[in-house]
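What follows is the content of my_file.cif (mmCIF, C-alpha atoms).
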```cif
data_data
loop_
_atom_site.label_atom_id
_atom_site.label_comp_id
_atom_site.auth_asym_id
_atom_site.auth_seq_id
_atom_site.Cartn_x
_atom_site.Cartn_y
_atom_site.Cartn_z
CA GLY A 22 -11.99 -11.42 -55.32
CA ALA A 23 -11.18 -7.71 -55.37
CA LEU A 24 -10.25 -5.98 -52.10
CA ALA A 25 -12.28 -2.85 -51.29
CA GLY A 26 -10.36 0.39 -50.57
CA ALA A 27 -11.57 3.13 -48.24
CA LEU A 28 -11.99 6.87 -48.75
CA ARG A 29 -12.26 7.34 -44.97
CA GLY A 30 -10.01 6.05 -42.21
CA ALA A 31 -6.67 4.78 -43.49
CA GLY A 32 -7.55 5.59 -47.14
CA ALA A 33 -8.30 9.30 -46.75
CA LEU A 34 -7.17 12.36 -44.77
CA ARG A 35 -9.34 15.39 -43.96
CA THR A 36 -7.22 18.52 -44.54
CA LEU A 37 -7.67 22.03 -43.12
CA ALA A 38 -6.63 24.64 -45.74
CA SER A 39 -8.08 27.72 -47.44
CA LEU A 40 -9.97 25.48 -49.88
CA PRO A 41 -13.50 24.02 -49.95
CA PRO A 42 -14.03 20.97 -47.73
CA HIS A 43 -12.20 18.03 -49.27
CA GLU A 44 -10.45 14.76 -48.52
CA LEU A 45 -7.10 13.41 -49.65
CA MET A 46 -7.11 9.90 -51.04
CA VAL A 47 -3.90 8.14 -50.01
CA MET A 48 -2.20 4.94 -51.07
CA PRO A 49 -3.89 2.32 -48.87
CA ALA A 50 -2.19 -0.56 -47.06
CA LEU A 51 -3.96 -3.56 -48.54
CA SER A 52 -2.06 -6.05 -46.33
CA PRO A 53 -0.33 -5.91 -42.94
CA THR A 54 3.12 -6.09 -44.56
CA MET A 55 2.46 -3.72 -47.48
CA GLU A 56 4.79 -0.69 -47.43
CA GLN A 57 4.39 0.56 -51.03
CA GLY A 58 2.40 -0.14 -54.18
CA GLY A 59 1.73 0.98 -57.72
CA LEU A 60 -1.16 2.81 -59.37
CA ALA A 61 -2.14 0.59 -62.30
CA SER A 62 -4.96 2.76 -63.70
CA TRP A 63 -7.63 5.36 -62.97
CA VAL A 64 -11.15 4.12 -63.60
CA LEU A 65 -12.67 7.59 -63.03
CA LYS A 66 -11.55 10.96 -64.37
CA GLU A 67 -11.54 14.37 -62.65
CA GLY A 68 -15.07 15.68 -62.09
CA ASP A 69 -16.74 12.24 -62.12
CA ALA A 70 -19.32 11.45 -59.47
CA ILE A 71 -18.54 8.83 -56.82
CA GLU A 72 -21.04 6.50 -55.18
CA PRO A 73 -20.54 3.81 -52.52
CA GLY A 74 -18.99 0.76 -54.22
CA THR A 75 -17.66 2.72 -57.23
CA VAL A 76 -14.19 1.57 -58.33
CA ILE A 77 -12.03 4.70 -58.44
CA CYS A 78 -8.68 3.17 -59.43
CA GLU A 79 -6.68 -0.05 -59.47
CA ILE A 80 -3.81 -0.60 -57.04
CA GLU A 81 -0.89 -2.96 -57.73
CA THR A 82 0.68 -4.89 -54.88
CA ASP A 83 3.54 -7.39 -54.95
CA LYS A 84 0.95 -10.16 -55.22
CA ALA A 85 -2.03 -8.86 -57.22
CA THR A 86 -3.92 -5.90 -58.69
CA VAL A 87 -6.95 -4.90 -56.62
CA ASP A 88 -9.78 -2.36 -56.94
CA PHE A 89 -9.91 0.77 -54.81
CA GLU A 90 -13.66 1.20 -54.13
CA ALA A 91 -15.45 4.22 -52.66
CA GLN A 92 -17.59 4.05 -49.53
CA ASP A 93 -19.26 7.49 -49.66
CA ASP A 94 -20.79 9.86 -52.18
CA GLY A 95 -18.69 12.67 -53.67
CA PHE A 96 -16.72 13.80 -56.71
CA LEU A 97 -13.16 13.14 -57.89
CA ALA A 98 -11.74 16.69 -57.89
CA LYS A 99 -8.05 16.05 -58.65
CA ILE A 100 -5.72 13.21 -59.67
CA LEU A 101 -2.36 13.73 -57.99
CA VAL A 102 -0.50 10.57 -59.12
CA GLN A 103 -0.79 9.45 -62.72
CA ALA A 104 -1.52 5.88 -63.79
CA GLY A 105 1.54 3.67 -64.15
CA ALA A 106 3.41 5.14 -61.16
CA ALA A 107 5.20 2.53 -59.07
CA ASP A 108 6.79 2.27 -55.63
CA ILE A 109 4.31 4.71 -54.05
CA LYS A 110 4.70 4.62 -50.28
CA VAL A 111 1.63 3.78 -48.19
CA GLY A 112 -0.01 7.02 -47.01
CA THR A 113 1.10 9.11 -50.02
CA PRO A 114 -1.78 11.29 -51.40
CA ILE A 115 -2.93 10.08 -54.83
CA GLY A 116 -6.16 12.09 -55.35
CA VAL A 117 -8.65 14.62 -53.95
CA THR A 118 -12.40 14.16 -53.45
CA VAL A 119 -15.07 16.78 -52.62
CA GLU A 120 -18.72 16.59 -51.58
CA SER A 121 -20.11 19.06 -54.13
CA ALA A 122 -19.54 19.33 -57.90
CA ASP A 123 -19.24 23.12 -57.51
CA ASP A 124 -16.00 22.62 -55.52
CA VAL A 125 -14.17 20.64 -58.22
CA ALA A 126 -12.91 23.77 -60.08
CA ALA A 127 -11.17 25.06 -56.92
CA PHE A 128 -8.66 22.18 -57.21
CA ALA A 129 -7.66 22.73 -60.83
CA ASN A 130 -4.14 23.85 -59.80
CA PHE A 131 -3.89 21.68 -56.69
CA SER A 132 -0.64 19.67 -56.71
CA LEU A 133 1.02 16.91 -54.77
CA ASP A 134 3.18 19.53 -53.00
CA ASP A 135 0.01 21.27 -51.76
CA ALA A 136 -1.28 17.93 -50.51
CA ASP A 137 1.97 17.27 -48.62
CA SER A 138 1.88 20.70 -46.91
CA ALA A 139 -1.84 20.62 -46.02
CA PRO A 140 -1.58 18.09 -43.14
CA LYS A 141 1.37 20.04 -41.71
CA ALA A 142 -0.57 23.31 -41.81
CA ALA A 143 -3.55 21.60 -40.20
CA SER A 144 -1.44 20.27 -37.34
CA GLU A 145 0.09 23.71 -36.73
CA ALA A 146 -3.38 25.32 -36.72
CA GLN A 147 -4.59 23.07 -33.93
CA PRO A 148 -4.43 24.76 -30.50
CA LYS A 149 -1.79 23.43 -28.19
CA LYS A 150 -2.97 21.59 -25.16
CA PRO A 151 -2.24 23.44 -21.93
CA GLU A 152 0.64 21.96 -20.04
CA ALA A 153 -0.22 20.19 -16.85
CA PRO A 154 0.82 22.12 -13.74
CA ALA A 155 4.03 20.95 -12.15
CA PRO A 156 3.50 18.79 -9.05
CA PRO A 157 4.22 20.51 -5.73
CA PRO A 158 7.72 19.91 -4.35
CA LYS A 159 7.92 16.90 -2.12
CA LEU A 160 8.73 17.77 1.48
CA GLU A 161 11.82 15.99 2.67
CA GLU A 162 11.50 14.00 5.87
CA PRO A 163 13.89 14.92 8.70
CA ARG A 164 17.15 13.07 8.53
CA ALA A 165 16.65 11.51 11.97
CA ALA A 166 13.26 10.11 10.92
CA LYS A 167 14.77 8.65 7.74
CA GLU A 168 17.61 7.01 9.67
CA GLU A 169 15.18 5.60 12.24
CA ALA A 170 12.92 4.19 9.49
CA ALA A 171 15.91 2.65 7.70
CA ALA A 172 17.43 1.13 10.84
CA PRO A 173 17.29 -2.70 11.09
CA PRO A 174 14.91 -4.25 13.66
CA GLN A 175 17.81 -5.22 15.97
CA LYS A 176 19.00 -1.62 16.25
CA LYS A 177 15.44 -0.45 16.92
CA LYS A 178 15.16 -2.93 19.83
CA GLU A 179 18.50 -1.74 21.26
CA ALA A 180 17.40 1.90 21.03
CA ALA A 181 14.12 1.09 22.81
CA ALA A 182 15.98 -0.74 25.61
CA ALA A 183 18.38 2.19 26.07
CA ALA A 184 15.46 4.62 26.30
CA ALA A 185 13.77 2.43 28.95
CA ALA A 186 16.99 2.26 31.01
CA ALA A 187 17.44 6.03 30.87
CA ALA A 188 13.89 6.73 32.11
CA PRO A 189 14.63 6.16 35.89
CA GLU A 190 17.75 8.35 35.69
CA GLN A 191 15.75 11.14 34.10
CA ALA A 192 13.10 10.83 36.84
CA ALA A 193 15.80 11.03 39.56
CA ALA A 194 17.32 14.10 37.92
CA GLN A 195 14.09 16.02 38.21
CA PRO A 196 14.10 18.65 41.07
CA ALA A 197 12.54 17.62 44.39
CA ALA A 198 9.21 19.04 45.40
CA ASN A 199 9.37 22.48 47.04
CA PRO A 200 8.87 22.04 50.82
CA GLN A 201 7.35 25.53 51.01
CA ALA A 202 4.63 24.57 48.60
CA LYS A 203 1.18 24.80 50.05
CA GLN A 204 -0.07 21.52 51.50
CA PRO A 205 -3.75 20.58 51.36
CA LYS A 206 -5.68 21.64 54.46
CA GLN A 207 -6.75 18.89 56.86
CA ALA A 208 -10.26 18.73 58.26
CA ALA A 209 -10.55 20.23 61.82
CA LYS A 210 -11.03 17.70 64.63
CA PRO A 211 -14.04 18.16 66.91
CA MET A 212 -13.10 19.80 70.31
CA ASP A 213 -13.55 17.89 73.56
CA PHE A 214 -15.36 20.08 76.10
CA PRO A 215 -15.05 19.11 79.87
CA THR A 216 -18.29 17.96 81.38
CA ALA A 217 -19.43 19.52 84.70
CA GLN A 218 -21.88 18.08 87.22
CA SER A 219 -25.05 19.99 87.71
CA PRO A 220 -25.61 21.41 91.27
CA LEU A 221 -28.90 19.49 91.39
CA GLN A 222 -27.22 16.15 90.75
CA PRO A 223 -26.62 15.25 94.48
CA MET A 224 -30.27 15.92 95.29
CA LEU A 225 -31.39 13.79 92.35
CA ASP A 226 -29.07 10.96 93.38
CA LYS A 227 -30.45 11.01 96.97
CA ALA A 228 -34.05 10.96 95.69
CA ARG A 229 -33.25 7.98 93.46
CA ALA A 230 -31.54 6.14 96.31
CA ASP A 231 -34.59 6.67 98.57
CA TYR A 232 -36.87 5.38 95.80
CA GLU A 233 -34.73 2.25 95.30
CA ALA A 234 -34.77 1.63 99.01
CA LEU A 235 -38.59 1.63 99.04
CA TYR A 236 -39.41 0.12 95.65
CA GLY A 237 -36.30 -1.57 94.40
CA PRO A 238 -33.57 -0.53 91.92
CA THR A 239 -34.46 1.15 88.61
CA LEU A 240 -32.72 0.93 85.29
CA MET A 241 -31.78 4.58 85.21
CA ARG A 242 -28.02 4.95 85.59
CA ARG A 243 -25.59 7.64 84.62
CA ILE A 244 -23.51 6.70 81.61
CA SER A 245 -20.40 8.56 82.74
CA PRO A 246 -19.05 8.83 86.28
CA ALA A 247 -20.11 11.81 88.22
CA VAL A 248 -17.89 14.84 88.09
CA GLU A 249 -17.81 17.00 91.15
CA ALA A 250 -19.18 20.42 90.66
CA PRO A 251 -16.68 23.21 90.98
CA LYS A 252 -16.62 24.79 94.37
CA GLN A 253 -18.14 28.23 94.64
#
```

Produce structure tokens that represent the structure in this file.
Amino acid sequence: GALAGALRGAGALRTLASLPPHELMVMPALSPTMEQGGLASWVLKEGDAIEPGTVICEIETDKATVDFEAQDDGFLAKILVQAGAADIKVGTPIGVTVESADDVAAFANFSLDDADSAPKAASEAQPKKPEAPAPPPKLEEPRAAKEEAAAPPQKKKEAAAAAAAAAPEQAAAQPAANPQAKQPKQAAKPMDFPTAQSPLQPMLDKARADYEALYGPTLMRRISPAVEAPKQ
């Protein structure tokens, strides 16, 4: 059966020029390996209306002749490649279509050269994308840190052992504590006051002795030995 062409996608290009809205029909790739083809005949003529499914022209491949069918409504405004042309590269413009019949006359002098320059002008008219800001400069690690990170595990162990051995020497090299530095205050010891015997003590002792002689000993005893009272 016949293979359907496409006016949109791979079969057509929307151009941006100082002309009414239009589309360029291009030589379609009717197979994955197709690089060029021939235009056997035009079924429509300039100014004819196009409806979905309308056969616009016939395309020759190295294997067969197939129909190029439309998928949208419009009008054939200009034929750029005449019937019988061969070895047309895939993607080459072969015709122009418009949406309104009033726009057909604007393409009376439109040529294949205009079609070739239209996509280029459209690409130049597109605004350029802003360039991405450059990444901030990468800060370089200190050389000593790089060498330590790159050192093999054995060297790291040796360095750790050397540091541990040097620690006591560093502690001994530190200056001794200043002897004149203030020392923490010690709590004051309670003072021992000498005890003195009361002048009444001999009289009290005699009274107690008399009582014990009459009634027996009591449990009242002095805890500390008697201290003689100072002489007057």

Using the chain letters and numbers from this file, what does the PyMOL selection byres ((chain A and resi 119) around 6) select? Give the answer as a VMD selection string.
chain A and resid 43 95 to 96 118 120 to 121

When the PyMOL selection byres ((chain A and resi 52) around 12) is applied to the structure above, which residues does it catch, written out as a count of residues only?
20

Choose the residue, out of A:Leu40, A:Leu65, A:Tyr236, A:Ile80, that has the smallest atom-to-atom separation from Asn130 in chain A; count only C-alpha atoms.
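Between A:Leu40, A:Leu65, A:Tyr236, A:Ile80, the residue approaching Asn130 in chain A most closely is A:Leu40.
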
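Taking CA of Leu101 in chain A and CA of Ser62 in chain A as the two end points, the separation is 12.6 Å.
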
Record the distance separating CA of Gly68 in chain A and CA of Thr86 in chain A, expressed in Å with one decimal.
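If I compute the distance from CA of Gly68 in chain A to CA of Thr86 in chain A, I get 24.5 Å.
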
Care to translate the PyMOL selection byres ((chain A and resi 106) around 6) into actual residues of this file, as a list in words?
Gly59, Leu60, Ala104, Gly105 and Ala107 of chain A

For the selection just defined, write its residues with C-alpha atoms to a file, as a PDB file, in the frame of the given file.
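Output (again-v7.pdb):
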```
ATOM      1  CA  GLY A  59       1.730   0.980 -57.720  1.00  0.00           C
ATOM      2  CA  LEU A  60      -1.160   2.810 -59.370  1.00  0.00           C
ATOM      3  CA  ALA A 104      -1.520   5.880 -63.790  1.00  0.00           C
ATOM      4  CA  GLY A 105       1.540   3.670 -64.150  1.00  0.00           C
ATOM      5  CA  ALA A 107       5.200   2.530 -59.070  1.00  0.00           C
TER       6      ALA A 107
END
```

With all atoms listed in the file as the atoms that count, which of A:Glu67, A:Glu72, A:Asp226, A:Glu179 lies nearest to Asp94 in chain A?
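Closest candidate: A:Glu72.
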
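Rounded to one decimal, CA of Pro114 in chain A and CA of Leu133 in chain A lie 7.1 Å from each other.
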
Might you pull out every residue within 7 Å of Ile115 in chain A, with all atoms listed in the file counted and same-chain residues fewer than 2 positions away left off, and present them as a VMD selection string?
chain A and resid 46 to 48 100 to 102 113

Taking N, CA and C atoms as the atom set, what does range 78-99 of chain A look like once completed, written as a JSON list (two decimals), in the coordinates of the input?
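Generated file (part29.json):
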```
[["chain", "number", "residue", "atom", "x", "y", "z"],
["A", 78, "CYS", "N", -9.93, 3.49, -58.76],
["A", 78, "CYS", "CA", -8.68, 3.17, -59.43],
["A", 78, "CYS", "C", -8.28, 1.75, -59.10],
["A", 79, "GLU", "N", -7.20, 1.29, -59.72],
["A", 79, "GLU", "CA", -6.68, -0.05, -59.47],
["A", 79, "GLU", "C", -5.28, 0.07, -58.87],
["A", 80, "ILE", "N", -5.07, -0.66, -57.78],
["A", 80, "ILE", "CA", -3.81, -0.60, -57.04],
["A", 80, "ILE", "C", -3.05, -1.91, -57.26],
["A", 81, "GLU", "N", -1.75, -1.78, -57.56],
["A", 81, "GLU", "CA", -0.89, -2.96, -57.73],
["A", 81, "GLU", "C", -0.12, -3.22, -56.44],
["A", 82, "THR", "N", -0.16, -4.46, -55.99],
["A", 82, "THR", "CA", 0.68, -4.89, -54.88],
["A", 82, "THR", "C", 1.70, -5.89, -55.40],
["A", 83, "ASP", "N", 2.55, -6.42, -54.51],
["A", 83, "ASP", "CA", 3.54, -7.39, -54.95],
["A", 83, "ASP", "C", 2.92, -8.74, -55.27],
["A", 84, "LYS", "N", 1.61, -8.88, -54.98],
["A", 84, "LYS", "CA", 0.95, -10.16, -55.22],
["A", 84, "LYS", "C", -0.16, -10.09, -56.25],
["A", 85, "ALA", "N", -0.88, -8.93, -56.31],
["A", 85, "ALA", "CA", -2.03, -8.86, -57.22],
["A", 85, "ALA", "C", -2.40, -7.41, -57.48],
["A", 86, "THR", "N", -3.34, -7.20, -58.40],
["A", 86, "THR", "CA", -3.92, -5.90, -58.69],
["A", 86, "THR", "C", -5.34, -5.89, -58.14],
["A", 87, "VAL", "N", -5.65, -4.92, -57.29],
["A", 87, "VAL", "CA", -6.95, -4.90, -56.62],
["A", 87, "VAL", "C", -7.65, -3.58, -56.88],
["A", 88, "ASP", "N", -8.97, -3.57, -56.73],
["A", 88, "ASP", "CA", -9.78, -2.36, -56.94],
["A", 88, "ASP", "C", -9.80, -1.50, -55.68],
["A", 89, "PHE", "N", -9.77, -0.20, -55.90],
["A", 89, "PHE", "CA", -9.91, 0.77, -54.81],
["A", 89, "PHE", "C", -11.33, 1.33, -54.92],
["A", 90, "GLU", "N", -12.24, 0.85, -54.06],
["A", 90, "GLU", "CA", -13.66, 1.20, -54.13],
["A", 90, "GLU", "C", -14.01, 2.31, -53.14],
["A", 91, "ALA", "N", -14.98, 3.13, -53.51],
["A", 91, "ALA", "CA", -15.45, 4.22, -52.66],
["A", 91, "ALA", "C", -16.48, 3.69, -51.66],
["A", 92, "GLN", "N", -16.59, 4.40, -50.55],
["A", 92, "GLN", "CA", -17.59, 4.05, -49.53],
["A", 92, "GLN", "C", -18.61, 5.15, -49.33],
["A", 93, "ASP", "N", -18.35, 6.36, -49.85],
["A", 93, "ASP", "CA", -19.26, 7.49, -49.66],
["A", 93, "ASP", "C", -19.50, 8.20, -50.99],
["A", 94, "ASP", "N", -20.50, 9.05, -51.01],
["A", 94, "ASP", "CA", -20.79, 9.86, -52.18],
["A", 94, "ASP", "C", -19.80, 11.02, -52.27],
["A", 95, "GLY", "N", -19.56, 11.52, -53.48],
["A", 95, "GLY", "CA", -18.69, 12.67, -53.67],
["A", 95, "GLY", "C", -18.31, 12.82, -55.13],
["A", 96, "PHE", "N", -17.22, 13.57, -55.36],
["A", 96, "PHE", "CA", -16.72, 13.80, -56.71],
["A", 96, "PHE", "C", -15.20, 13.75, -56.68],
["A", 97, "LEU", "N", -14.61, 13.18, -57.76],
["A", 97, "LEU", "CA", -13.16, 13.14, -57.89],
["A", 97, "LEU", "C", -12.71, 14.50, -58.40],
["A", 98, "ALA", "N", -12.10, 15.31, -57.53],
["A", 98, "ALA", "CA", -11.74, 16.69, -57.89],
["A", 98, "ALA", "C", -10.37, 16.78, -58.53],
["A", 99, "LYS", "N", -9.40, 15.93, -58.12],
["A", 99, "LYS", "CA", -8.05, 16.05, -58.65],
["A", 99, "LYS", "C", -7.33, 14.72, -58.58]]
```
